[in-house]
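Shown below: data15.pdb, with PDB, C-alpha atoms.
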ATOM      1  CA  MET A  18     123.685 -99.012-185.292
ATOM      2  CA  SER A  19     124.064 -98.252-188.980
ATOM      3  CA  VAL A  20     123.527 -94.581-188.211
ATOM      4  CA  PHE A  21     126.289 -94.728-185.636
ATOM      5  CA  LEU A  22     128.722 -96.406-188.017
ATOM      6  CA  LEU A  23     127.895 -93.891-190.728
ATOM      7  CA  ALA A  24     128.525 -91.091-188.263
ATOM      8  CA  ALA A  25     131.802 -92.666-187.250
ATOM      9  CA  GLY A  26     132.900 -92.672-190.864
ATOM     10  CA  SER A  27     132.030 -89.005-191.271
ATOM     11  CA  PHE A  28     134.494 -87.713-188.677
ATOM     12  CA  PRO A  29     138.238 -87.997-189.269
ATOM     13  CA  ALA A  30     138.879 -88.864-185.615
ATOM     14  CA  LEU A  31     136.521 -91.786-185.873
ATOM     15  CA  ALA A  32     137.575 -92.920-189.311
ATOM     16  CA  GLN A  33     139.756 -95.973-189.573
ATOM     17  CA  ASP A  34     143.376 -95.494-190.627
ATOM     18  CA  THR A  35     144.392 -96.765-193.997
ATOM     19  CA  PRO A  36     147.039 -99.538-194.109
ATOM     20  CA  ALA A  37     149.584 -96.988-195.349
ATOM     21  CA  GLN A  38     148.864 -94.689-192.401
ATOM     22  CA  ARG A  39     149.154 -97.578-189.984
ATOM     23  CA  LYS A  40     152.475 -98.592-191.519
ATOM     24  CA  ALA A  41     153.776 -95.034-191.303
ATOM     25  CA  ALA A  42     152.633 -94.780-187.697
ATOM     26  CA  LYS A  43     154.336 -98.070-186.881
ATOM     27  CA  GLN A  44     157.581 -96.908-188.471
ATOM     28  CA  ALA A  45     157.373 -93.574-186.682
ATOM     29  CA  LYS A  46     156.845 -95.328-183.375
ATOM     30  CA  LYS A  47     159.978 -97.384-183.914
ATOM     31  CA  TRP A  48     162.028 -94.289-184.610
ATOM     32  CA  VAL A  49     162.835 -92.337-181.513
ATOM     33  CA  GLY A  50     165.375 -89.867-182.810
ATOM     34  CA  PRO A  51     166.946 -87.263-180.578
ATOM     35  CA  LYS A  52     166.115 -83.624-181.175
ATOM     36  CA  LEU A  53     168.554 -82.025-183.585
ATOM     37  CA  THR A  54     171.032 -79.635-182.009
ATOM     38  CA  PRO A  55     171.393 -76.135-183.517
ATOM     39  CA  ARG A  56     174.651 -77.284-185.115
ATOM     40  CA  GLN A  57     172.963 -80.331-186.657
ATOM     41  CA  GLN A  58     170.173 -78.142-187.963
ATOM     42  CA  LEU A  59     172.665 -75.791-189.600
ATOM     43  CA  GLU A  60     174.619 -78.710-191.062
ATOM     44  CA  LEU A  61     171.418 -80.162-192.452
ATOM     45  CA  LEU A  62     170.588 -76.830-194.046
ATOM     46  CA  MET A  63     174.040 -76.601-195.574
ATOM     47  CA  GLN A  64     173.763 -80.122-196.987
ATOM     48  CA  MET A  65     170.491 -79.345-198.729
ATOM     49  CA  PRO A  66     170.448 -78.828-202.491
ATOM     50  CA  PRO A  67     170.659 -75.056-203.156
ATOM     51  CA  GLU A  68     167.085 -74.759-204.447
ATOM     52  CA  GLU A  69     165.698 -76.636-201.450
ATOM     53  CA  ARG A  70     167.774 -74.519-199.072
ATOM     54  CA  GLU A  71     166.597 -71.399-200.832
ATOM     55  CA  GLN A  72     163.005 -72.478-200.308
ATOM     56  CA  PHE A  73     163.638 -72.939-196.597
ATOM     57  CA  LEU A  74     165.602 -69.707-196.285
ATOM     58  CA  SER A  75     162.762 -67.756-197.864
ATOM     59  CA  GLN A  76     161.231 -67.819-194.382
ATOM     60  CA  LEU A  77     164.221 -65.859-193.057
ATOM     61  CA  PRO A  78     165.075 -62.175-193.376
ATOM     62  CA  GLU A  79     167.699 -61.264-195.931
ATOM     63  CA  ALA A  80     170.376 -60.629-193.267
ATOM     64  CA  ARG A  81     169.986 -64.166-191.908
ATOM     65  CA  ARG A  82     170.208 -65.658-195.350
ATOM     66  CA  THR A  83     173.458 -63.806-195.911
ATOM     67  CA  GLN A  84     174.774 -65.120-192.589
ATOM     68  CA  LEU A  85     174.088 -68.684-193.632
ATOM     69  CA  GLU A  86     175.436 -68.204-197.128
ATOM     70  CA  ASN A  87     178.648 -66.797-195.618
ATOM     71  CA  LEU A  88     178.917 -69.846-193.422
ATOM     72  CA  VAL A  89     178.492 -72.104-196.430
ATOM     73  CA  LYS A  90     181.236 -70.225-198.261
ATOM     74  CA  LEU A  91     183.784 -70.680-195.459
ATOM     75  CA  PRO A  92     186.569 -73.247-195.924
ATOM     76  CA  ALA A  93     185.461 -76.597-194.496
ATOM     77  CA  GLU A  94     188.061 -76.506-191.723
ATOM     78  CA  GLU A  95     187.103 -73.029-190.557
ATOM     79  CA  ARG A  96     183.417 -73.874-190.737
ATOM     80  CA  ALA A  97     183.935 -77.015-188.657
ATOM     81  CA  LEU A  98     185.828 -74.978-186.062
ATOM     82  CA  ARG A  99     183.013 -72.446-185.764
ATOM     83  CA  LEU A 100     180.383 -75.106-185.508
ATOM     84  CA  ARG A 101     182.392 -76.836-182.786
ATOM     85  CA  ARG A 102     182.464 -73.588-180.847
ATOM     86  CA  LEU A 103     178.737 -73.249-181.349
ATOM     87  CA  ASP A 104     178.349 -76.719-179.855
ATOM     88  CA  LEU A 105     180.474 -75.686-176.880
ATOM     89  CA  LEU A 106     178.362 -72.615-176.322
ATOM     90  CA  ASN A 107     175.145 -74.601-176.536
ATOM     91  CA  SER A 108     176.476 -77.210-174.140
ATOM     92  CA  LEU A 109     176.437 -74.598-171.379
ATOM     93  CA  THR A 110     173.477 -74.079-169.093
ATOM     94  CA  PRO A 111     171.208 -71.192-170.157
ATOM     95  CA  GLU A 112     172.594 -69.045-167.318
ATOM     96  CA  ARG A 113     176.228 -69.698-168.242
ATOM     97  CA  LYS A 114     175.491 -69.256-171.923
ATOM     98  CA  ALA A 115     173.955 -65.862-171.147
ATOM     99  CA  ALA A 116     177.009 -64.903-169.047
ATOM    100  CA  VAL A 117     179.428 -65.934-171.809
ATOM    101  CA  THR A 118     177.539 -64.184-174.606
ATOM    102  CA  GLN A 119     177.231 -61.048-172.495
ATOM    103  CA  GLU A 120     180.958 -61.107-171.775
ATOM    104  CA  ILE A 121     181.781 -61.510-175.469
ATOM    105  CA  GLY A 122     179.424 -58.686-176.320
ATOM    106  CA  ASN A 123     181.002 -56.427-173.679
ATOM    107  CA  ILE A 124     184.539 -57.205-174.790
ATOM    108  CA  LYS A 125     183.644 -56.544-178.414
ATOM    109  CA  LEU A 126     182.791 -52.990-177.402
ATOM    110  CA  MET A 127     186.289 -52.490-175.911
ATOM    111  CA  ASN A 128     189.406 -51.366-177.691
ATOM    112  CA  PHE A 129     192.360 -53.664-178.069
ATOM    113  CA  VAL A 130     194.171 -52.530-174.908
ATOM    114  CA  ARG A 131     191.127 -52.925-172.708
ATOM    115  CA  ARG A 132     190.243 -56.259-174.278
ATOM    116  CA  ARG A 133     193.703 -57.560-173.526
ATOM    117  CA  ALA A 134     193.514 -56.310-169.950
ATOM    118  CA  ARG A 135     190.117 -57.870-169.441
ATOM    119  CA  LEU A 136     191.063 -61.247-170.909
ATOM    120  CA  HIS A 137     194.128 -61.459-168.672
ATOM    121  CA  SER A 138     192.453 -60.187-165.529
ATOM    122  CA  LYS A 139     191.959 -62.221-162.372
ATOM    123  CA  GLU A 140     188.294 -61.260-162.345
ATOM    124  CA  PHE A 141     187.873 -62.830-165.788
ATOM    125  CA  GLU A 142     189.552 -66.047-164.672
ATOM    126  CA  GLN A 143     187.414 -66.200-161.557
ATOM    127  CA  SER A 144     184.187 -65.502-163.403
ATOM    128  CA  PHE A 145     184.502 -68.204-166.053
ATOM    129  CA  THR A 146     185.442 -71.863-166.192
ATOM    130  CA  PRO A 147     188.469 -72.857-168.330
ATOM    131  CA  ASP A 148     186.161 -74.010-171.137
ATOM    132  CA  GLU A 149     184.219 -70.771-171.047
ATOM    133  CA  GLN A 150     187.462 -68.763-170.982
ATOM    134  CA  GLU A 151     188.685 -70.665-174.046
ATOM    135  CA  LEU A 152     185.422 -69.978-175.826
ATOM    136  CA  ILE A 153     185.714 -66.257-175.095
ATOM    137  CA  ARG A 154     189.443 -65.980-175.777
ATOM    138  CA  ASP A 155     189.104 -67.754-179.137
ATOM    139  CA  THR A 156     186.839 -64.899-180.194
ATOM    140  CA  PHE A 157     189.618 -62.413-179.444
ATOM    141  CA  VAL A 158     192.682 -64.316-180.574
ATOM    142  CA  LYS A 159     195.080 -61.378-180.823
ATOM    143  CA  ALA A 160     194.035 -59.756-177.553
ATOM    144  CA  SER A 161     194.370 -63.090-175.789
ATOM    145  CA  GLN A 162     197.986 -63.606-176.785
TER
ATOM    146  CA  MET B  25     144.208-153.258-149.540
ATOM    147  CA  ASN B  26     145.620-151.196-152.375
ATOM    148  CA  CYS B  27     146.080-147.477-151.834
ATOM    149  CA  ILE B  28     143.145-145.649-153.446
ATOM    150  CA  VAL B  29     145.518-143.126-154.912
ATOM    151  CA  LYS B  30     147.225-145.861-156.914
ATOM    152  CA  ASP B  31     144.162-147.989-157.594
ATOM    153  CA  LYS B  32     142.100-147.185-160.682
ATOM    154  CA  ALA B  33     138.908-147.969-158.779
ATOM    155  CA  GLY B  34     140.109-145.928-155.807
ATOM    156  CA  GLY B  35     137.739-143.068-156.542
ATOM    157  CA  GLU B  36     134.752-145.353-156.423
ATOM    158  CA  VAL B  37     135.896-146.944-153.136
ATOM    159  CA  LEU B  38     136.355-143.499-151.632
ATOM    160  CA  MET B  39     132.899-142.316-152.706
ATOM    161  CA  ASP B  40     131.222-145.494-151.504
ATOM    162  CA  TYR B  41     133.070-145.423-148.194
ATOM    163  CA  CYS B  42     132.133-141.817-147.498
ATOM    164  CA  ALA B  43     128.547-142.511-148.506
ATOM    165  CA  GLY B  44     128.464-145.563-146.212
ATOM    166  CA  ALA B  45     127.744-147.748-149.238
ATOM    167  CA  LEU B  46     130.848-149.896-148.988
ATOM    168  CA  ASP B  47     130.265-153.428-147.723
ATOM    169  CA  PRO B  48     131.368-153.881-144.091
ATOM    170  CA  ALA B  49     134.304-156.167-144.837
ATOM    171  CA  ARG B  50     135.772-153.812-147.395
ATOM    172  CA  ALA B  51     134.981-150.817-145.220
ATOM    173  CA  ALA B  52     136.910-152.370-142.320
ATOM    174  CA  GLU B  53     139.776-153.150-144.619
ATOM    175  CA  PHE B  54     139.751-149.565-145.967
ATOM    176  CA  GLU B  55     139.666-148.090-142.455
ATOM    177  CA  GLY B  56     142.713-150.182-141.601
ATOM    178  CA  HIS B  57     144.447-148.752-144.664
ATOM    179  CA  ILE B  58     143.630-145.106-143.973
ATOM    180  CA  ARG B  59     144.980-145.457-140.432
ATOM    181  CA  GLU B  60     148.378-146.123-141.993
ATOM    182  CA  CYS B  61     148.152-144.081-145.232
ATOM    183  CA  ALA B  62     148.167-140.309-144.631
ATOM    184  CA  GLU B  63     147.452-139.542-148.282
ATOM    185  CA  CYS B  64     144.253-141.598-148.368
ATOM    186  CA  ARG B  65     143.253-140.215-144.965
ATOM    187  CA  GLU B  66     143.496-136.689-146.334
ATOM    188  CA  LEU B  67     141.368-137.643-149.318
ATOM    189  CA  VAL B  68     138.710-139.117-147.060
ATOM    190  CA  ASP B  69     138.721-136.011-144.868
ATOM    191  CA  ALA B  70     138.443-133.754-147.888
ATOM    192  CA  GLN B  71     135.581-135.792-149.308
ATOM    193  CA  ARG B  72     133.733-135.773-146.002
ATOM    194  CA  SER B  73     134.257-132.031-145.662
ATOM    195  CA  LEU B  74     132.852-131.480-149.163
ATOM    196  CA  TRP B  75     129.793-133.598-148.461
ATOM    197  CA  GLN B  76     129.246-131.837-145.169
ATOM    198  CA  THR B  77     129.354-128.462-146.903
ATOM    199  CA  LEU B  78     126.931-129.642-149.549
ATOM    200  CA  GLY B  79     124.693-130.995-146.822
ATOM    201  CA  GLU B  80     124.615-127.611-145.127
ATOM    202  CA  TRP B  81     123.824-125.748-148.337
ATOM    203  CA  LYS B  82     120.202-124.706-148.566
ATOM    204  CA  PRO B  83     118.819-124.175-152.056
ATOM    205  CA  ILE B  84     117.048-120.885-152.725
ATOM    206  CA  GLU B  85     113.362-121.315-152.333
ATOM    207  CA  VAL B  86     111.402-120.570-155.468
ATOM    208  CA  SER B  87     107.873-119.344-155.571
ATOM    209  CA  ARG B  88     105.147-121.917-155.882
ATOM    210  CA  ASP B  89     104.175-120.756-159.346
ATOM    211  CA  PHE B  90     107.764-120.676-160.604
ATOM    212  CA  ASP B  91     107.360-123.681-162.872
ATOM    213  CA  ALA B  92     104.093-122.389-164.259
ATOM    214  CA  ARG B  93     105.575-118.978-165.030
ATOM    215  CA  LEU B  94     108.701-120.520-166.563
ATOM    216  CA  TYR B  95     106.701-122.709-168.923
ATOM    217  CA  ALA B  96     104.445-119.779-169.789
ATOM    218  CA  ARG B  97     107.489-117.708-170.764
ATOM    219  CA  ILE B  98     108.846-120.534-172.893
ATOM    220  CA  ALA B  99     105.481-120.913-174.602
ATOM    221  CA  GLN B 100     105.308-117.171-175.167
ATOM    222  CA  ALA B 101     108.777-117.158-176.758
ATOM    223  CA  ASP B 102     107.803-120.056-179.023
ATOM    224  CA  ALA B 103     104.682-118.180-180.086
ATOM    225  CA  GLU B 104     106.609-115.035-181.154
ATOM    226  CA  PRO B 105     106.841-114.374-184.905
ATOM    227  CA  TRP B 106     109.908-115.869-186.583
ATOM    228  CA  PHE B 107     111.356-112.466-187.590
ATOM    229  CA  TYR B 108     111.219-111.288-183.974
ATOM    230  CA  ARG B 109     113.089-114.389-182.842
ATOM    231  CA  MET B 110     115.674-113.820-185.592
ATOM    232  CA  TRP B 111     116.178-110.202-184.546
ATOM    233  CA  LYS B 112     117.147-111.107-180.987
ATOM    234  CA  PRO B 113     120.639-112.444-181.817
ATOM    235  CA  VAL B 114     121.081-109.629-184.341
ATOM    236  CA  LEU B 115     120.341-107.072-181.625
ATOM    237  CA  SER B 116     122.875-108.727-179.334
ATOM    238  CA  ILE B 117     125.515-108.618-182.056
ATOM    239  CA  ALA B 118     124.619-104.989-182.761
ATOM    240  CA  ALA B 119     125.032-104.119-179.088
ATOM    241  CA  VAL B 120     128.491-105.719-179.037
ATOM    242  CA  ALA B 121     129.434-103.966-182.280
ATOM    243  CA  THR B 122     128.249-100.628-180.889
ATOM    244  CA  ALA B 123     130.376-101.092-177.787
ATOM    245  CA  ALA B 124     133.373-101.976-179.974
ATOM    246  CA  ALA B 125     132.757 -98.942-182.192
ATOM    247  CA  VAL B 126     132.558 -96.634-179.164
ATOM    248  CA  MET B 127     135.827 -98.044-177.813
ATOM    249  CA  PHE B 128     137.406 -97.572-181.242
ATOM    250  CA  ALA B 129     136.128 -94.002-181.508
ATOM    251  CA  VAL B 130     137.439 -92.897-178.131
ATOM    252  CA  ARG B 131     140.811 -94.599-178.466
ATOM    253  CA  PRO B 132     143.851 -92.293-178.321
ATOM    254  CA  ALA B 133     144.460 -90.998-181.811
ATOM    255  CA  VAL B 134     147.549 -92.497-183.443
ATOM    256  CA  ARG B 135     149.765 -89.685-184.608
ATOM    257  CA  VAL B 136     151.025 -90.429-188.059
ATOM    258  CA  GLU B 137     154.540 -89.127-188.399
ATOM    259  CA  PRO B 138     156.860 -89.474-191.332
ATOM    260  CA  PRO B 139     159.486 -92.179-190.977
ATOM    261  CA  ALA B 140     163.050 -91.370-190.072
ATOM    262  CA  GLY B 141     165.132 -90.065-192.923
ATOM    263  CA  PRO B 142     166.264 -86.824-194.517
ATOM    264  CA  ALA B 143     162.686 -85.641-195.045
ATOM    265  CA  ALA B 144     161.832 -86.255-191.391
ATOM    266  CA  GLN B 145     165.018 -84.498-190.293
ATOM    267  CA  VAL B 146     164.210 -81.440-192.396
ATOM    268  CA  GLU B 147     160.947 -81.205-190.502
ATOM    269  CA  GLN B 148     162.988 -81.082-187.319
ATOM    270  CA  ILE B 149     164.654 -77.859-188.370
ATOM    271  CA  ASN B 150     163.324 -75.125-186.164
ATOM    272  CA  ILE B 151     163.519 -71.757-187.842
ATOM    273  CA  GLN B 152     163.906 -69.932-184.535
ATOM    274  CA  GLU B 153     166.708 -72.211-183.387
ATOM    275  CA  VAL B 154     168.454 -71.714-186.722
ATOM    276  CA  GLN B 155     168.235 -67.944-186.294
ATOM    277  CA  GLN B 156     169.557 -68.188-182.756
ATOM    278  CA  ALA B 157     172.402 -70.417-183.948
ATOM    279  CA  LEU B 158     173.295 -67.895-186.648
ATOM    280  CA  ASP B 159     173.324 -65.128-184.029
ATOM    281  CA  ASP B 160     175.544 -67.221-181.775
ATOM    282  CA  LEU B 161     177.896 -67.984-184.650
ATOM    283  CA  ASP B 162     178.074 -64.300-185.478
ATOM    284  CA  LEU B 163     178.910 -63.516-181.864
ATOM    285  CA  LEU B 164     181.576 -66.229-181.734
ATOM    286  CA  SER B 165     183.218 -65.232-185.001
ATOM    287  CA  PRO B 166     186.715 -63.855-184.407
ATOM    288  CA  ALA B 167     186.597 -60.147-183.702
ATOM    289  CA  SER B 168     188.787 -57.728-185.588
ATOM    290  CA  PRO B 169     190.175 -54.820-183.521
ATOM    291  CA  ASN B 170     189.638 -52.436-186.429
ATOM    292  CA  THR B 171     185.907 -52.971-186.631
ATOM    293  CA  ARG B 172     185.112 -52.398-182.951
ATOM    294  CA  LYS B 173     184.013 -49.197-181.380
ATOM    295  CA  PRO B 174     186.710 -48.019-179.006
ATOM    296  CA  LEU B 175     185.513 -47.163-175.550
TER
END

What does the file become when written as structure tokens?
Amino acid sequence: MSVFLLAAGSFPALAQDTPAQRKAAKQAKKWVGPKLTPRQQLELLMQMPPEEREQFLSQLPEARRTQLENLVKLPAEERALRLRRLDLLNSLTPERKAAVTQEIGNIKLMNFVRRRARLHSKEFEQSFTPDEQELIRDTFVKASQ
Amino acid sequence: MNCIVKDKAGGEVLMDYCAGALDPARAAEFEGHIRECAECRELVDAQRSLWQTLGEWKPIEVSRDFDARLYARIAQADAEPWFYRMWKPVLSIAAVATAAAVMFAVRPAVRVEPPAGPAAQVEQINIQEVQQALDDLDLLSPASPNTRKPL
């Protein structure tokens, strides 16, 4: 018996939790938070103190860090608008998101005249929902007018 | 006659009546009562049924030397050294404790997670999702006609 109890104490899985661990586990059980959306994750990163953010960003390539720093530097209103559009994009199903991003990518490769023609075409209207069209057109404001 | 349900001595009357131990005068009086009182009649029937069942029950036959063997075992236990007799309850307790320890050891592990708060939220940041979000933001940023490759 004593041997068994000693053995139980030797393995972490068998060891008894400390009161602090039990309390933490109890608190964690109570908290059932939803998964953070990409927008929330970015907002959280932007709210971090610079040194803490820098520590997190050290995991990212330089180009990504620049992208985030540029986002931080944007005027609050513009940043909010972009994040709202990011939310819209992420609210789409994976298939629709892929279709929208592909369309944006294709249109970006076009010149102004072709962009304008594409954004006002019947095919474009038939291929995308009004929300998706808005998302795409807002990326090409001048060509959409 | 008083109803046996309401009479404090009703239980005794019922038992005596069913056992045939009630004196004839009182038995006649009681029979007259149960003809009119359904509640007492049910009690009498139930009591008779119980006695009948007990009467049909046959005790398990024990071997002829059962008593002798039983007393021999008791004598043997009394003759055991005191430390052996003391160890018996200890062994029982140890067996129970072992079972409890085994149940404790195989219980689902409780995952200790940090409580909700900024620190917990930071842990929810997924580096890959952040990179994807930055890519998406880059894609959604307003395009300038001058920076695009003309087709």

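The two atoms in question, CA of His137 (chain A) and CA of Leu103 (chain A), are spaced 23.2 Å apart.
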
Residues within 7 Å of Thr156 (chain A), all atoms listed in the file, excluding chain neighbours under 5 positions, as a ChimeraX atom specification: /B:164-167

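In this model, the gap between CA of Gln148 (chain B) and CA of Ile121 (chain A) comes to 29.6 Å.
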
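Atom pair CA of Ala160 (chain A) / CA of Phe129 (chain A): separated by 6.3 Å.
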
List the neighbours of region 48-60 of chain B out to 12 Å using all atoms listed in the file; skip same-chain residues closer than 4 positions along the sequence, and give me the result as a short mmCIF file (atom, residue, chain, number, x, y, z; two decimals) with C-alpha atoms, in the coordinates of the input.
data_model
loop_
_atom_site.label_atom_id
_atom_site.label_comp_id
_atom_site.auth_asym_id
_atom_site.auth_seq_id
_atom_site.Cartn_x
_atom_site.Cartn_y
_atom_site.Cartn_z
CA MET B 25 144.21 -153.26 -149.54
CA ASN B 26 145.62 -151.20 -152.38
CA CYS B 27 146.08 -147.48 -151.83
CA ILE B 28 143.15 -145.65 -153.45
CA VAL B 29 145.52 -143.13 -154.91
CA GLY B 34 140.11 -145.93 -155.81
CA VAL B 37 135.90 -146.94 -153.14
CA LEU B 38 136.35 -143.50 -151.63
CA MET B 39 132.90 -142.32 -152.71
CA ASP B 40 131.22 -145.49 -151.50
CA TYR B 41 133.07 -145.42 -148.19
CA CYS B 42 132.13 -141.82 -147.50
CA ALA B 43 128.55 -142.51 -148.51
CA GLY B 44 128.46 -145.56 -146.21
CA CYS B 64 144.25 -141.60 -148.37
CA ARG B 65 143.25 -140.22 -144.96
CA GLU B 66 143.50 -136.69 -146.33
CA LEU B 67 141.37 -137.64 -149.32
CA VAL B 68 138.71 -139.12 -147.06
CA ASP B 69 138.72 -136.01 -144.87
#

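Proximity to chain B was assessed for A:Glu120, A:Glu94, A:Glu140, A:Glu68 counting all atoms listed in the file; the smallest distance is recorded for A:Glu120.
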
Report the residues retrieved by the PyMOL selection byres ((chain A and resi 124-127) around 12) from the displayed file, expressed as a ChimeraX atom specification. /A:117-123,128-136,141,153-154,156-157,160-161 /B:162-175

Pick out the closest residue to chain A from this set: B:Tyr108, B:Ala129, B:Asp31, B:Gln152. Count all atoms listed in the file. B:Ala129

The PyMOL selection byres ((chain A and resi 69-79) around 12) resolved against shown file, as number ranges by chain: A: 58-68, 80-86, 89; B: 143, 146-147, 149-156, 158

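Residue nearest chain A, chosen from B:Ala123, B:Ala118, B:Ile98, B:Ala103 and counting all atoms listed in the file: B:Ala118.
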
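Shortest separation to Arg96 (chain A) among A:Phe145, A:Arg113, A:Arg56, A:Ser138 occurs at residue A:Arg56, atoms counted being only C-alpha atoms.
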
Mind filling out region 82-106 of chain A with N, CA and C atoms and sending it as a PDB file, in the frame of the given file?
ATOM      1  N   ARG A  82     169.842 -64.840-194.201  1.00  0.00           N
ATOM      2  CA  ARG A  82     170.208 -65.658-195.350  1.00  0.00           C
ATOM      3  C   ARG A  82     171.662 -65.410-195.715  1.00  0.00           C
ATOM      4  N   THR A  83     172.064 -64.145-195.614  1.00  0.00           N
ATOM      5  CA  THR A  83     173.458 -63.806-195.911  1.00  0.00           C
ATOM      6  C   THR A  83     174.386 -64.488-194.907  1.00  0.00           C
ATOM      7  N   GLN A  84     173.959 -64.470-193.635  1.00  0.00           N
ATOM      8  CA  GLN A  84     174.774 -65.120-192.589  1.00  0.00           C
ATOM      9  C   GLN A  84     175.012 -66.584-192.928  1.00  0.00           C
ATOM     10  N   LEU A  85     173.961 -67.254-193.338  1.00  0.00           N
ATOM     11  CA  LEU A  85     174.088 -68.684-193.632  1.00  0.00           C
ATOM     12  C   LEU A  85     174.913 -68.897-194.902  1.00  0.00           C
ATOM     13  N   GLU A  86     174.672 -68.061-195.886  1.00  0.00           N
ATOM     14  CA  GLU A  86     175.436 -68.204-197.128  1.00  0.00           C
ATOM     15  C   GLU A  86     176.930 -67.977-196.862  1.00  0.00           C
ATOM     16  N   ASN A  87     177.237 -67.044-195.981  1.00  0.00           N
ATOM     17  CA  ASN A  87     178.648 -66.797-195.618  1.00  0.00           C
ATOM     18  C   ASN A  87     179.255 -68.018-194.937  1.00  0.00           C
ATOM     19  N   LEU A  88     178.446 -68.641-194.113  1.00  0.00           N
ATOM     20  CA  LEU A  88     178.917 -69.846-193.422  1.00  0.00           C
ATOM     21  C   LEU A  88     179.188 -70.963-194.430  1.00  0.00           C
ATOM     22  N   VAL A  89     178.320 -71.061-195.408  1.00  0.00           N
ATOM     23  CA  VAL A  89     178.492 -72.104-196.430  1.00  0.00           C
ATOM     24  C   VAL A  89     179.774 -71.853-197.220  1.00  0.00           C
ATOM     25  N   LYS A  90     180.078 -70.576-197.426  1.00  0.00           N
ATOM     26  CA  LYS A  90     181.236 -70.225-198.261  1.00  0.00           C
ATOM     27  C   LYS A  90     182.575 -70.425-197.542  1.00  0.00           C
ATOM     28  N   LEU A  91     182.533 -70.527-196.230  1.00  0.00           N
ATOM     29  CA  LEU A  91     183.784 -70.680-195.459  1.00  0.00           C
ATOM     30  C   LEU A  91     184.513 -71.973-195.829  1.00  0.00           C
ATOM     31  N   PRO A  92     185.852 -71.989-195.721  1.00  0.00           N
ATOM     32  CA  PRO A  92     186.569 -73.247-195.924  1.00  0.00           C
ATOM     33  C   PRO A  92     186.078 -74.291-194.905  1.00  0.00           C
ATOM     34  N   ALA A  93     186.043 -75.528-195.326  1.00  0.00           N
ATOM     35  CA  ALA A  93     185.461 -76.597-194.496  1.00  0.00           C
ATOM     36  C   ALA A  93     186.056 -76.634-193.087  1.00  0.00           C
ATOM     37  N   GLU A  94     187.375 -76.424-193.018  1.00  0.00           N
ATOM     38  CA  GLU A  94     188.061 -76.506-191.723  1.00  0.00           C
ATOM     39  C   GLU A  94     187.601 -75.389-190.783  1.00  0.00           C
ATOM     40  N   GLU A  95     187.526 -74.192-191.336  1.00  0.00           N
ATOM     41  CA  GLU A  95     187.103 -73.029-190.557  1.00  0.00           C
ATOM     42  C   GLU A  95     185.639 -73.173-190.116  1.00  0.00           C
ATOM     43  N   ARG A  96     184.846 -73.683-191.045  1.00  0.00           N
ATOM     44  CA  ARG A  96     183.417 -73.874-190.737  1.00  0.00           C
ATOM     45  C   ARG A  96     183.243 -74.896-189.607  1.00  0.00           C
ATOM     46  N   ALA A  97     184.022 -75.970-189.687  1.00  0.00           N
ATOM     47  CA  ALA A  97     183.935 -77.015-188.657  1.00  0.00           C
ATOM     48  C   ALA A  97     184.323 -76.451-187.294  1.00  0.00           C
ATOM     49  N   LEU A  98     185.359 -75.578-187.308  1.00  0.00           N
ATOM     50  CA  LEU A  98     185.828 -74.978-186.062  1.00  0.00           C
ATOM     51  C   LEU A  98     184.733 -74.099-185.441  1.00  0.00           C
ATOM     52  N   ARG A  99     184.070 -73.336-186.277  1.00  0.00           N
ATOM     53  CA  ARG A  99     183.013 -72.446-185.764  1.00  0.00           C
ATOM     54  C   ARG A  99     181.820 -73.239-185.239  1.00  0.00           C
ATOM     55  N   LEU A 100     181.518 -74.290-185.951  1.00  0.00           N
ATOM     56  CA  LEU A 100     180.383 -75.106-185.508  1.00  0.00           C
ATOM     57  C   LEU A 100     180.712 -75.833-184.200  1.00  0.00           C
ATOM     58  N   ARG A 101     181.983 -76.189-184.035  1.00  0.00           N
ATOM     59  CA  ARG A 101     182.392 -76.836-182.786  1.00  0.00           C
ATOM     60  C   ARG A 101     182.247 -75.864-181.618  1.00  0.00           C
ATOM     61  N   ARG A 102     182.593 -74.605-181.889  1.00  0.00           N
ATOM     62  CA  ARG A 102     182.464 -73.588-180.847  1.00  0.00           C
ATOM     63  C   ARG A 102     180.991 -73.312-180.529  1.00  0.00           C
ATOM     64  N   LEU A 103     180.186 -73.411-181.559  1.00  0.00           N
ATOM     65  CA  LEU A 103     178.737 -73.249-181.349  1.00  0.00           C
ATOM     66  C   LEU A 103     178.221 -74.378-180.443  1.00  0.00           C
ATOM     67  N   ASP A 104     178.728 -75.566-180.696  1.00  0.00           N
ATOM     68  CA  ASP A 104     178.349 -76.719-179.855  1.00  0.00           C
ATOM     69  C   ASP A 104     178.746 -76.477-178.402  1.00  0.00           C
ATOM     70  N   LEU A 105     179.975 -75.959-178.238  1.00  0.00           N
ATOM     71  CA  LEU A 105     180.474 -75.686-176.880  1.00  0.00           C
ATOM     72  C   LEU A 105     179.572 -74.678-176.171  1.00  0.00           C
ATOM     73  N   LEU A 106     179.214 -73.648-176.914  1.00  0.00           N
ATOM     74  CA  LEU A 106     178.362 -72.615-176.322  1.00  0.00           C
ATOM     75  C   LEU A 106     176.997 -73.197-175.929  1.00  0.00           C
TER      76      LEU A 106
END
